[in-house]
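Text of entry-v3.tsv, listed as TSV, C-alpha atoms:
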```
chain	number	residue	atom	x	y	z
A	260	MET	CA	-45.23	-10.65	-20.45
A	261	ASP	CA	-47.39	-7.55	-19.87
A	262	THR	CA	-50.23	-8.95	-22.00
A	263	ALA	CA	-49.96	-12.36	-20.37
A	264	ALA	CA	-49.95	-10.76	-16.93
A	265	LEU	CA	-53.01	-8.67	-17.82
A	266	ILE	CA	-54.89	-11.75	-19.01
A	267	ALA	CA	-53.90	-13.63	-15.84
A	268	VAL	CA	-55.07	-10.82	-13.56
A	269	ILE	CA	-58.39	-10.39	-15.37
A	270	GLY	CA	-58.96	-14.15	-15.38
A	271	VAL	CA	-58.33	-14.38	-11.63
A	272	ALA	CA	-60.55	-11.33	-11.09
A	273	PHE	CA	-63.38	-13.09	-12.91
A	274	PHE	CA	-62.83	-16.22	-10.81
A	275	PHE	CA	-62.92	-14.10	-7.65
A	276	THR	CA	-66.24	-12.66	-8.82
A	277	TYR	CA	-67.57	-16.17	-9.36
A	278	THR	CA	-66.53	-17.21	-5.82
A	279	ASN	CA	-68.05	-13.98	-4.55
A	280	GLY	CA	-71.33	-14.99	-6.20
A	281	PHE	CA	-71.65	-18.47	-4.71
A	282	HIS	CA	-70.16	-17.36	-1.39
A	283	ASP	CA	-72.64	-14.48	-1.00
A	284	SER	CA	-75.73	-15.91	-2.73
A	285	ALA	CA	-77.01	-16.79	0.74
A	286	ASN	CA	-77.10	-13.09	1.64
A	287	ALA	CA	-80.00	-12.45	-0.71
A	288	ILE	CA	-82.03	-15.63	-0.45
A	289	ALA	CA	-81.24	-17.53	2.78
A	290	THR	CA	-84.14	-16.02	4.71
A	291	SER	CA	-86.61	-16.56	1.83
A	292	VAL	CA	-85.57	-20.19	1.45
A	293	SER	CA	-85.61	-20.90	5.19
A	294	THR	CA	-89.13	-19.51	5.54
A	295	ARG	CA	-90.23	-21.42	2.40
A	296	ALA	CA	-91.22	-18.21	0.65
A	297	LEU	CA	-89.21	-19.44	-2.35
A	298	THR	CA	-87.85	-22.80	-3.42
A	299	PRO	CA	-84.03	-22.94	-3.45
A	300	ARG	CA	-83.69	-23.11	-7.26
A	301	ALA	CA	-86.29	-20.41	-7.87
A	302	ALA	CA	-84.56	-18.20	-5.31
A	303	LEU	CA	-81.15	-18.74	-6.89
A	304	ALA	CA	-82.48	-18.02	-10.39
A	305	MET	CA	-84.13	-14.82	-9.18
A	306	ALA	CA	-80.98	-13.76	-7.32
A	307	ALA	CA	-78.79	-14.44	-10.36
A	308	VAL	CA	-80.97	-12.27	-12.61
A	309	MET	CA	-81.18	-9.44	-10.07
A	310	ASN	CA	-77.41	-9.60	-9.46
A	311	LEU	CA	-76.90	-9.18	-13.19
A	312	ALA	CA	-79.23	-6.18	-13.31
A	313	GLY	CA	-77.79	-4.57	-10.19
A	314	ALA	CA	-74.30	-4.48	-11.65
A	315	PHE	CA	-75.40	-1.84	-14.17
A	316	LEU	CA	-77.04	0.56	-11.72
A	317	GLY	CA	-73.97	2.60	-10.76
A	318	SER	CA	-70.19	2.95	-10.72
A	319	GLY	CA	-69.36	4.89	-7.55
A	320	VAL	CA	-68.22	1.83	-5.60
A	321	ALA	CA	-65.97	0.72	-8.50
A	322	HIS	CA	-64.25	4.12	-8.53
A	323	THR	CA	-63.68	3.91	-4.78
A	324	VAL	CA	-62.02	0.51	-5.16
A	325	SER	CA	-59.84	1.54	-8.12
A	326	LYS	CA	-58.72	4.90	-6.71
A	327	GLY	CA	-59.39	5.15	-2.98
A	328	ILE	CA	-57.64	2.23	-1.26
A	329	ILE	CA	-54.10	1.90	-2.65
A	330	GLU	CA	-52.08	4.07	-4.98
A	331	THR	CA	-52.21	2.67	-8.51
A	332	PRO	CA	-49.00	0.64	-8.91
A	333	SER	CA	-47.12	0.45	-12.18
A	334	GLY	CA	-45.68	-2.15	-14.54
A	335	SER	CA	-45.13	-5.78	-13.70
A	336	GLN	CA	-45.03	-4.93	-9.99
A	337	GLY	CA	-48.56	-3.58	-10.23
A	338	MET	CA	-49.81	-6.71	-11.96
A	339	ALA	CA	-48.17	-8.87	-9.31
A	340	ILE	CA	-49.87	-6.85	-6.56
A	341	LEU	CA	-53.32	-7.18	-8.12
A	342	PHE	CA	-52.83	-10.89	-8.81
A	343	ALA	CA	-51.70	-11.53	-5.23
A	344	ALA	CA	-54.56	-9.47	-3.79
A	345	LEU	CA	-57.12	-11.51	-5.71
A	346	VAL	CA	-55.54	-14.84	-4.73
A	347	GLY	CA	-55.61	-13.80	-1.07
A	348	ALA	CA	-59.30	-12.93	-1.35
A	349	ILE	CA	-60.15	-16.16	-3.17
A	350	ALA	CA	-58.31	-18.25	-0.58
A	351	TRP	CA	-60.31	-16.67	2.24
A	352	ASN	CA	-63.60	-17.02	0.34
A	353	LEU	CA	-63.05	-20.72	-0.23
A	354	THR	CA	-61.93	-21.31	3.36
A	355	THR	CA	-64.94	-19.60	4.91
A	356	TRP	CA	-67.30	-21.22	2.40
A	357	TYR	CA	-65.97	-24.65	3.39
A	358	PHE	CA	-66.71	-23.99	7.05
A	359	GLY	CA	-70.07	-22.36	6.31
A	360	LEU	CA	-68.97	-19.04	7.80
A	361	PRO	CA	-70.72	-15.97	6.32
A	362	SER	CA	-67.69	-13.69	6.06
A	363	SER	CA	-67.25	-10.73	3.74
A	364	SER	CA	-65.92	-11.27	0.22
A	365	SER	CA	-65.53	-7.50	0.03
A	366	HIS	CA	-63.25	-7.26	3.03
A	367	ALA	CA	-61.30	-10.28	1.84
A	368	LEU	CA	-60.59	-8.34	-1.36
A	369	PHE	CA	-59.68	-5.15	0.50
A	370	GLY	CA	-57.43	-7.07	2.88
A	371	GLY	CA	-55.75	-8.71	-0.10
A	372	MET	CA	-55.17	-5.33	-1.73
A	373	VAL	CA	-53.64	-3.83	1.42
A	374	GLY	CA	-51.46	-6.88	2.14
A	375	ALA	CA	-50.13	-7.13	-1.40
A	376	ALA	CA	-49.53	-3.36	-1.58
A	377	LEU	CA	-47.55	-3.38	1.67
A	378	ALA	CA	-45.50	-6.36	0.49
A	379	GLY	CA	-44.81	-4.59	-2.81
A	380	GLY	CA	-43.86	-1.27	-1.26
A	381	VAL	CA	-46.88	0.55	-2.75
A	382	GLU	CA	-48.52	3.28	-0.69
A	383	VAL	CA	-51.77	2.40	1.03
A	384	ILE	CA	-54.27	5.27	1.24
A	385	TRP	CA	-54.97	4.79	4.93
A	386	SER	CA	-57.50	7.62	5.08
A	387	GLY	CA	-59.49	5.85	2.36
A	388	VAL	CA	-59.19	2.51	4.17
A	389	LEU	CA	-60.46	4.13	7.37
A	390	ASP	CA	-63.28	6.18	5.82
A	391	LYS	CA	-64.49	3.75	3.15
A	392	ILE	CA	-63.79	0.35	4.75
A	393	VAL	CA	-63.11	0.30	8.50
A	394	ILE	CA	-65.78	2.78	9.62
A	395	PRO	CA	-68.52	1.27	7.38
A	396	MET	CA	-67.43	-2.21	8.54
A	397	ILE	CA	-68.19	-1.19	12.14
A	398	VAL	CA	-71.19	1.08	11.55
A	399	SER	CA	-73.16	-0.90	8.95
A	400	PRO	CA	-73.75	-4.04	11.09
A	401	VAL	CA	-74.84	-1.84	14.00
A	402	VAL	CA	-77.29	-0.02	11.73
A	403	GLY	CA	-78.44	-3.39	10.36
A	404	LEU	CA	-78.97	-4.81	13.87
A	405	VAL	CA	-80.90	-1.79	15.14
A	406	GLY	CA	-82.77	-1.35	11.85
A	407	GLY	CA	-83.85	-4.98	11.71
A	408	PHE	CA	-85.06	-4.79	15.30
A	409	LEU	CA	-87.04	-1.56	14.74
A	410	VAL	CA	-88.57	-2.66	11.41
A	411	MET	CA	-89.70	-5.93	12.98
A	412	LEU	CA	-91.16	-4.06	15.96
A	413	ALA	CA	-93.08	-1.84	13.52
A	414	ILE	CA	-94.40	-4.91	11.70
A	415	LEU	CA	-95.52	-6.49	14.98
A	416	TRP	CA	-97.38	-3.31	15.95
A	417	ILE	CA	-98.97	-2.68	12.54
A	418	PHE	CA	-100.20	-6.27	12.20
A	419	ARG	CA	-100.95	-6.85	15.88
A	420	ARG	CA	-104.63	-7.57	15.16
A	421	ALA	CA	-104.07	-9.54	11.95
A	422	ASN	CA	-104.73	-13.27	11.67
A	423	PRO	CA	-101.26	-14.82	12.30
A	424	HIS	CA	-101.57	-17.51	9.63
A	425	ARG	CA	-102.83	-15.11	6.99
A	426	ALA	CA	-100.15	-12.56	7.88
A	427	LYS	CA	-97.38	-15.14	7.53
A	428	ARG	CA	-98.78	-16.24	4.18
A	429	ASN	CA	-98.83	-12.64	2.94
A	430	PHE	CA	-95.29	-12.01	4.18
A	431	ARG	CA	-94.08	-15.05	2.25
A	432	VAL	CA	-95.32	-13.29	-0.88
A	433	ALA	CA	-93.74	-10.01	0.26
A	434	GLN	CA	-90.43	-11.82	0.76
A	435	THR	CA	-90.22	-12.43	-2.96
A	436	ALA	CA	-89.95	-8.67	-3.44
A	437	SER	CA	-87.59	-8.09	-0.50
A	438	ALA	CA	-85.28	-10.91	-1.60
A	439	ALA	CA	-85.22	-9.46	-5.12
A	440	ALA	CA	-84.35	-6.03	-3.72
A	441	MET	CA	-81.54	-7.58	-1.67
A	442	ALA	CA	-80.15	-9.44	-4.69
A	443	LEU	CA	-80.27	-6.26	-6.77
A	444	ALA	CA	-78.35	-4.40	-4.04
A	445	HIS	CA	-75.79	-7.22	-3.90
A	446	GLY	CA	-75.17	-6.88	-7.63
A	447	LEU	CA	-74.89	-3.12	-7.27
A	448	GLN	CA	-72.23	-3.48	-4.59
A	449	ASP	CA	-70.20	-6.58	-5.30
A	450	ALA	CA	-69.91	-6.61	-9.10
A	451	GLN	CA	-68.48	-3.10	-8.96
A	452	LYS	CA	-65.66	-4.15	-6.66
A	453	THR	CA	-64.24	-6.47	-9.30
A	454	MET	CA	-64.85	-3.85	-11.98
A	455	GLY	CA	-62.56	-1.55	-9.99
A	456	ILE	CA	-59.79	-4.16	-9.96
A	457	VAL	CA	-60.09	-4.81	-13.70
A	458	VAL	CA	-59.96	-1.06	-14.41
A	459	MET	CA	-56.78	-0.84	-12.32
A	460	ALA	CA	-55.25	-3.69	-14.34
A	461	LEU	CA	-56.17	-2.02	-17.63
A	462	THR	CA	-54.70	1.28	-16.40
A	463	ILE	CA	-51.45	-0.33	-15.26
A	464	SER	CA	-51.04	-2.15	-18.58
A	465	GLY	CA	-51.62	1.04	-20.55
A	466	HIS	CA	-54.82	-0.21	-22.18
A	467	GLN	CA	-56.93	2.50	-20.54
A	468	SER	CA	-56.64	6.01	-19.15
A	469	GLY	CA	-59.22	7.60	-16.89
A	470	ASN	CA	-61.78	6.12	-14.52
A	471	GLY	CA	-64.39	4.99	-17.02
A	472	ILE	CA	-65.58	1.39	-16.88
A	473	PRO	CA	-65.71	-0.26	-20.32
A	474	VAL	CA	-68.99	-1.93	-21.20
A	475	TRP	CA	-67.32	-5.31	-21.68
A	476	VAL	CA	-65.93	-5.11	-18.12
A	477	LYS	CA	-69.41	-4.42	-16.72
A	478	ILE	CA	-70.97	-7.26	-18.69
A	479	SER	CA	-68.20	-9.74	-17.83
A	480	CYS	CA	-68.15	-9.00	-14.10
A	481	ALA	CA	-71.94	-9.00	-13.88
A	482	THR	CA	-72.15	-12.31	-15.73
A	483	MET	CA	-69.55	-14.04	-13.56
A	484	LEU	CA	-71.22	-12.80	-10.37
A	485	SER	CA	-74.57	-14.01	-11.68
A	486	LEU	CA	-73.21	-17.45	-12.61
A	487	GLY	CA	-71.58	-17.80	-9.21
A	488	THR	CA	-74.80	-16.80	-7.51
A	489	TYR	CA	-76.78	-19.44	-9.38
A	490	ALA	CA	-74.21	-22.07	-8.32
A	491	GLY	CA	-75.35	-21.40	-4.76
A	492	GLY	CA	-73.54	-21.43	-1.42
A	493	TRP	CA	-75.54	-24.02	0.49
A	494	ARG	CA	-73.19	-24.27	3.47
A	495	ILE	CA	-73.48	-20.56	4.26
A	496	MET	CA	-77.19	-20.57	3.46
A	497	ARG	CA	-77.80	-23.03	6.29
A	498	THR	CA	-75.90	-20.80	8.72
A	499	LEU	CA	-77.79	-17.63	7.81
A	500	GLY	CA	-81.19	-19.26	7.40
A	501	ARG	CA	-81.25	-21.68	10.33
A	502	LYS	CA	-78.27	-21.59	12.68
A	503	ILE	CA	-78.54	-17.96	13.86
A	504	ILE	CA	-82.28	-18.16	14.48
A	505	GLU	CA	-85.33	-20.00	13.16
A	506	LEU	CA	-86.91	-17.23	11.09
A	507	ASP	CA	-90.56	-16.77	10.24
A	508	PRO	CA	-91.69	-14.83	7.11
A	509	PRO	CA	-92.23	-11.43	8.83
A	510	GLN	CA	-88.74	-11.61	10.35
A	511	GLY	CA	-87.23	-12.59	7.02
A	512	PHE	CA	-88.98	-9.69	5.30
A	513	ALA	CA	-87.80	-7.24	7.98
A	514	ALA	CA	-84.19	-8.40	7.67
A	515	GLU	CA	-84.17	-8.23	3.86
A	516	ALA	CA	-85.97	-4.88	3.66
A	517	THR	CA	-83.60	-3.33	6.19
A	518	SER	CA	-80.49	-4.69	4.52
A	519	SER	CA	-81.42	-3.68	1.00
A	520	ALA	CA	-82.26	-0.12	2.14
A	521	ILE	CA	-78.85	0.20	3.79
A	522	MET	CA	-77.11	-1.14	0.67
A	523	TYR	CA	-78.83	1.35	-1.65
A	524	ILE	CA	-78.08	4.32	0.61
A	525	THR	CA	-74.39	3.46	1.00
A	526	SER	CA	-74.00	2.77	-2.74
A	527	PHE	CA	-75.69	5.86	-4.12
A	528	VAL	CA	-75.12	8.42	-1.35
A	529	PHE	CA	-71.77	7.51	0.21
A	530	LYS	CA	-70.31	5.37	-2.63
A	531	ALA	CA	-68.87	3.17	0.10
A	532	PRO	CA	-68.15	-0.53	-0.57
A	533	ILE	CA	-69.83	-2.23	2.38
A	534	SER	CA	-70.34	-5.90	3.10
A	535	THR	CA	-73.71	-7.40	2.23
A	536	THR	CA	-72.80	-10.28	4.55
A	537	HIS	CA	-72.30	-8.03	7.57
A	538	VAL	CA	-75.51	-6.11	6.97
A	539	ILE	CA	-77.88	-9.05	6.37
A	540	THR	CA	-76.42	-11.11	9.22
A	541	ALA	CA	-76.84	-8.22	11.67
A	542	ALA	CA	-80.36	-7.51	10.39
A	543	ILE	CA	-81.31	-11.17	10.92
A	544	MET	CA	-80.07	-10.93	14.51
A	545	GLY	CA	-82.01	-7.72	15.08
A	546	ALA	CA	-85.26	-9.01	13.60
A	547	GLY	CA	-84.92	-12.28	15.49
A	548	ALA	CA	-84.26	-10.57	18.81
A	549	THR	CA	-87.81	-9.13	18.80
A	550	LYS	CA	-89.14	-12.61	19.50
A	551	ARG	CA	-86.94	-12.80	22.55
A	552	ILE	CA	-83.26	-12.07	23.04
A	553	ARG	CA	-82.50	-15.72	23.74
A	554	ALA	CA	-84.05	-16.77	20.43
A	555	VAL	CA	-80.84	-15.66	18.72
A	556	ARG	CA	-78.06	-18.21	19.01
A	557	TRP	CA	-75.48	-15.72	20.19
A	558	GLY	CA	-72.71	-18.33	20.29
A	559	VAL	CA	-73.04	-18.78	16.53
A	560	ALA	CA	-73.30	-15.01	16.12
A	561	LYS	CA	-70.10	-14.51	18.13
A	562	ASN	CA	-68.15	-16.87	15.87
A	563	ILE	CA	-69.45	-15.04	12.80
A	564	VAL	CA	-68.43	-11.63	14.18
A	565	LEU	CA	-64.97	-12.93	15.10
A	566	GLY	CA	-64.65	-14.11	11.51
A	567	TRP	CA	-65.46	-10.59	10.33
A	568	PHE	CA	-62.57	-9.12	12.27
A	569	ILE	CA	-59.97	-11.61	11.07
A	570	THR	CA	-61.04	-11.51	7.41
A	571	MET	CA	-58.93	-8.54	6.33
A	572	PRO	CA	-55.74	-9.54	8.22
A	573	ALA	CA	-56.01	-13.16	7.05
A	574	ALA	CA	-56.50	-12.20	3.40
A	575	ALA	CA	-53.71	-9.62	3.72
A	576	ILE	CA	-51.23	-12.23	4.98
A	577	VAL	CA	-52.06	-14.67	2.17
A	578	ALA	CA	-51.81	-11.87	-0.39
A	579	ALA	CA	-48.45	-10.70	0.95
A	580	LEU	CA	-47.03	-14.24	0.78
A	581	MET	CA	-48.43	-14.67	-2.72
A	582	TYR	CA	-46.90	-11.36	-3.83
A	583	TRP	CA	-43.43	-12.43	-2.77
A	584	PHE	CA	-43.89	-15.69	-4.66
A	585	VAL	CA	-45.32	-14.08	-7.81
A	586	HIS	CA	-42.73	-11.29	-7.77
A	587	LEU	CA	-40.04	-13.88	-8.41
A	588	PHE	CA	-41.59	-14.43	-11.85
A	589	TRP	CA	-43.03	-11.00	-12.63
A	590	GLY	CA	-40.49	-8.80	-10.86
```
Produce structure tokens that represent the structure in this file.
Amino acid sequence: MDTAALIAVIGVAFFFTYTNGFHDSANAIATSVSTRALTPRAALAMAAVMNLAGAFLGSGVAHTVSKGIIETPSGSQGMAILFAALVGAIAWNLTTWYFGLPSSSSHALFGGMVGAALAGGVEVIWSGVLDKIVIPMIVSPVVGLVGGFLVMLAILWIFRRANPHRAKRNFRVAQTASAAAMALAHGLQDAQKTMGIVVMALTISGHQSGNGIPVWVKISCATMLSLGTYAGGWRIMRTLGRKIIELDPPQGFAAEATSSAIMYITSFVFKAPISTTHVITAAIMGAGATKRIRAVRWGVAKNIVLGWFITMPAAAIVAALMYWFVHLFWG
């Protein structure tokens, strides 16, 4: 049963990573596609490759996920908790994808972990949840909003005497680089989150000791994220690229450059698992607000932000219910 449970958990973890890929592919390329800097298929192919590469750039986020959110459970109970946590996250990903709502796959996973742990009587490391999840969840969109606004203001000032048509054409080219940087940052962040779950499963089953991430785990998680990214999340792409604001190439570049910088700093310096969705959405709002405040469709933005706040509780509830169901068979 332990081997079967391990295989089930790893399989569901890989499926979660795949849903993470197509759910969050819009984060990296929606602005580039909406401004016609890249064709949709070319953008997806580029994002898939950069996601794959980004997964190998670090391991700090994976260690935070595997050690800093819940105490490592044991035995069949531990497997049931991880399985339920992943199912809760997948359910929320698919629901928000269906409605085209750019919510956080990361916070769906964290909510699933907390909900399943509470249902299973495993201790939640609340200080870790506060420091590594809740505070970054609040701070990172604010930084993205302000950063996107300031970067776009700087662009407007620097290129104030440039020919508008030529400047837009040049920024379309620049967006290729900024979209690639964003996709690389997404791989750096999101592939590691699933790596942390798989490491926990291997530790619980006795197949691994220590915090090291096996090479096969890195390759598998990176590949599944990349495949999911190439599948594309068109519903969410329309929301990010068109429904919040009609972006032009300079605004798209500002949003992507701001977001990718924030992702690299939080990954390498703070080792905090933050949401690429929150950061890029806020940066789009900030960059768009430089045109005029009313240019941003704040009604759409409000619905997105509300979705952010209910993501963790919703995933936690589904995960808790799933744990009680799974525990009947694995308990």
Hey, could you make a per-residue contact list for stretch 523-581 of chain A against stretch 402-419 of chain A with 9 Å as the cut-off, showing the nearest pair of atoms and its distance in Å to one decimal, counting all atoms listed in the file, sorted by chain and number, as CSV?
```
residue,atom,partner,partner_atom,distance
A:His537,CA,A:Gly403,CA,8.2
A:Val538,CA,A:Gly403,CA,5.2
A:Ile539,CA,A:Gly403,CA,6.9
A:Thr540,CA,A:Gly403,CA,8.1
A:Ala541,CA,A:Leu404,CA,4.6
A:Ala542,CA,A:Gly407,CA,4.5
A:Ile543,CA,A:Gly407,CA,6.7
A:Met544,CA,A:Leu404,CA,6.3
A:Gly545,CA,A:Phe408,CA,4.2
A:Ala546,CA,A:Phe408,CA,4.6
A:Gly547,CA,A:Phe408,CA,7.5
A:Ala548,CA,A:Phe408,CA,6.8
A:Thr549,CA,A:Phe408,CA,6.2
```
Quick one: pull the distance between atom CA of A:Ser519 and atom CA of A:Ser437, Å, one decimal.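 Answer for the atom CA of A:Ser519 to atom CA of A:Ser437 separation: 7.7 Å.
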Determine, counting all atoms listed in the file, which protein, DNA and RNA residues have an atom within 8 Å of an atom of A:Ile392; residues of the same chain fewer than 3 positions away are not included. Present the result as a PyMOL selection string. chain A and resi 366+387-389+395-396+531-533
The selected residues should be written to file as a JSON list (two decimals), keeping the file's coordinate frame (atoms: C-alpha atoms).
```
[["chain", "number", "residue", "atom", "x", "y", "z"],
["A", 366, "HIS", "CA", -63.25, -7.26, 3.03],
["A", 387, "GLY", "CA", -59.49, 5.85, 2.36],
["A", 388, "VAL", "CA", -59.19, 2.51, 4.17],
["A", 389, "LEU", "CA", -60.46, 4.13, 7.37],
["A", 395, "PRO", "CA", -68.52, 1.27, 7.38],
["A", 396, "MET", "CA", -67.43, -2.21, 8.54],
["A", 531, "ALA", "CA", -68.87, 3.17, 0.10],
["A", 532, "PRO", "CA", -68.15, -0.53, -0.57],
["A", 533, "ILE", "CA", -69.83, -2.23, 2.38]]
```
Nearest residue to A:Leu368 out of A:Val324, A:Val308, A:Pro299, A:Met522, using all atoms listed in the file?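 Distance minimum relative to A:Leu368 lands on A:Val324.
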Between atom CA of A:Ala348 and atom CA of A:Ser364, what is the distance in Å, rounded to a tenth?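 Separation of atom CA of A:Ala348 and atom CA of A:Ser364: 7.0 Å.
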Rounded to one decimal place, report the atom CA of A:Ala367-atom CA of A:Thr276 distance in Å.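 Here the two named atoms are 12.0 Å from each other.
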Residues within 10 Å of (-42.3, -6.2, -16.0), counting all atoms listed in the file, listed as a list in words: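 Using all atoms listed in the file, the matching residues come out as Met260, Asp261, Ala264, Ser333, Gly334, Ser335, Gln336, Gly337, Met338, Ala339, Ser464, His586, Phe588, Trp589 and Gly590 of chain A.
Every protein, DNA or RNA residue with an atom at most 7 Å from stretch 325-329 of chain A, where all atoms listed in the file count and chain neighbours fewer than 4 positions away do not, is listed here: Ala321, Glu382, Val383, Ile384, Gly387, Val388, Gly455, Ile456, Val458 and Met459 of chain A.
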Considering all atoms listed in the file, can you say which of A:Trp385, A:Tyr489, A:Phe274, A:Tyr357 comes closest to A:Met309?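 Ranked by minimum distance to A:Met309, first place goes to A:Tyr489.
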Applying 12 Å and all atoms listed in the file, which residues near A:Ile576 remain after dropping the ones on its own chain fewer than 2 positions away? List them as a PyMOL selection string. chain A and resi 343-344+346-348+350-351+367-378+569-574+578-583
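Each of A:Ala513, A:Ile463, A:Leu587, A:Ala450 was checked against A:Gly317 using all atoms listed in the file; the smallest atom-to-atom distance is that of A:Ala450.
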Residue nearest A:Leu297 - candidates A:Ala436, A:Leu353, A:Val401, A:Leu316, atoms counted: all atoms listed in the file: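 Distance minimum relative to A:Leu297 lands on A:Ala436.
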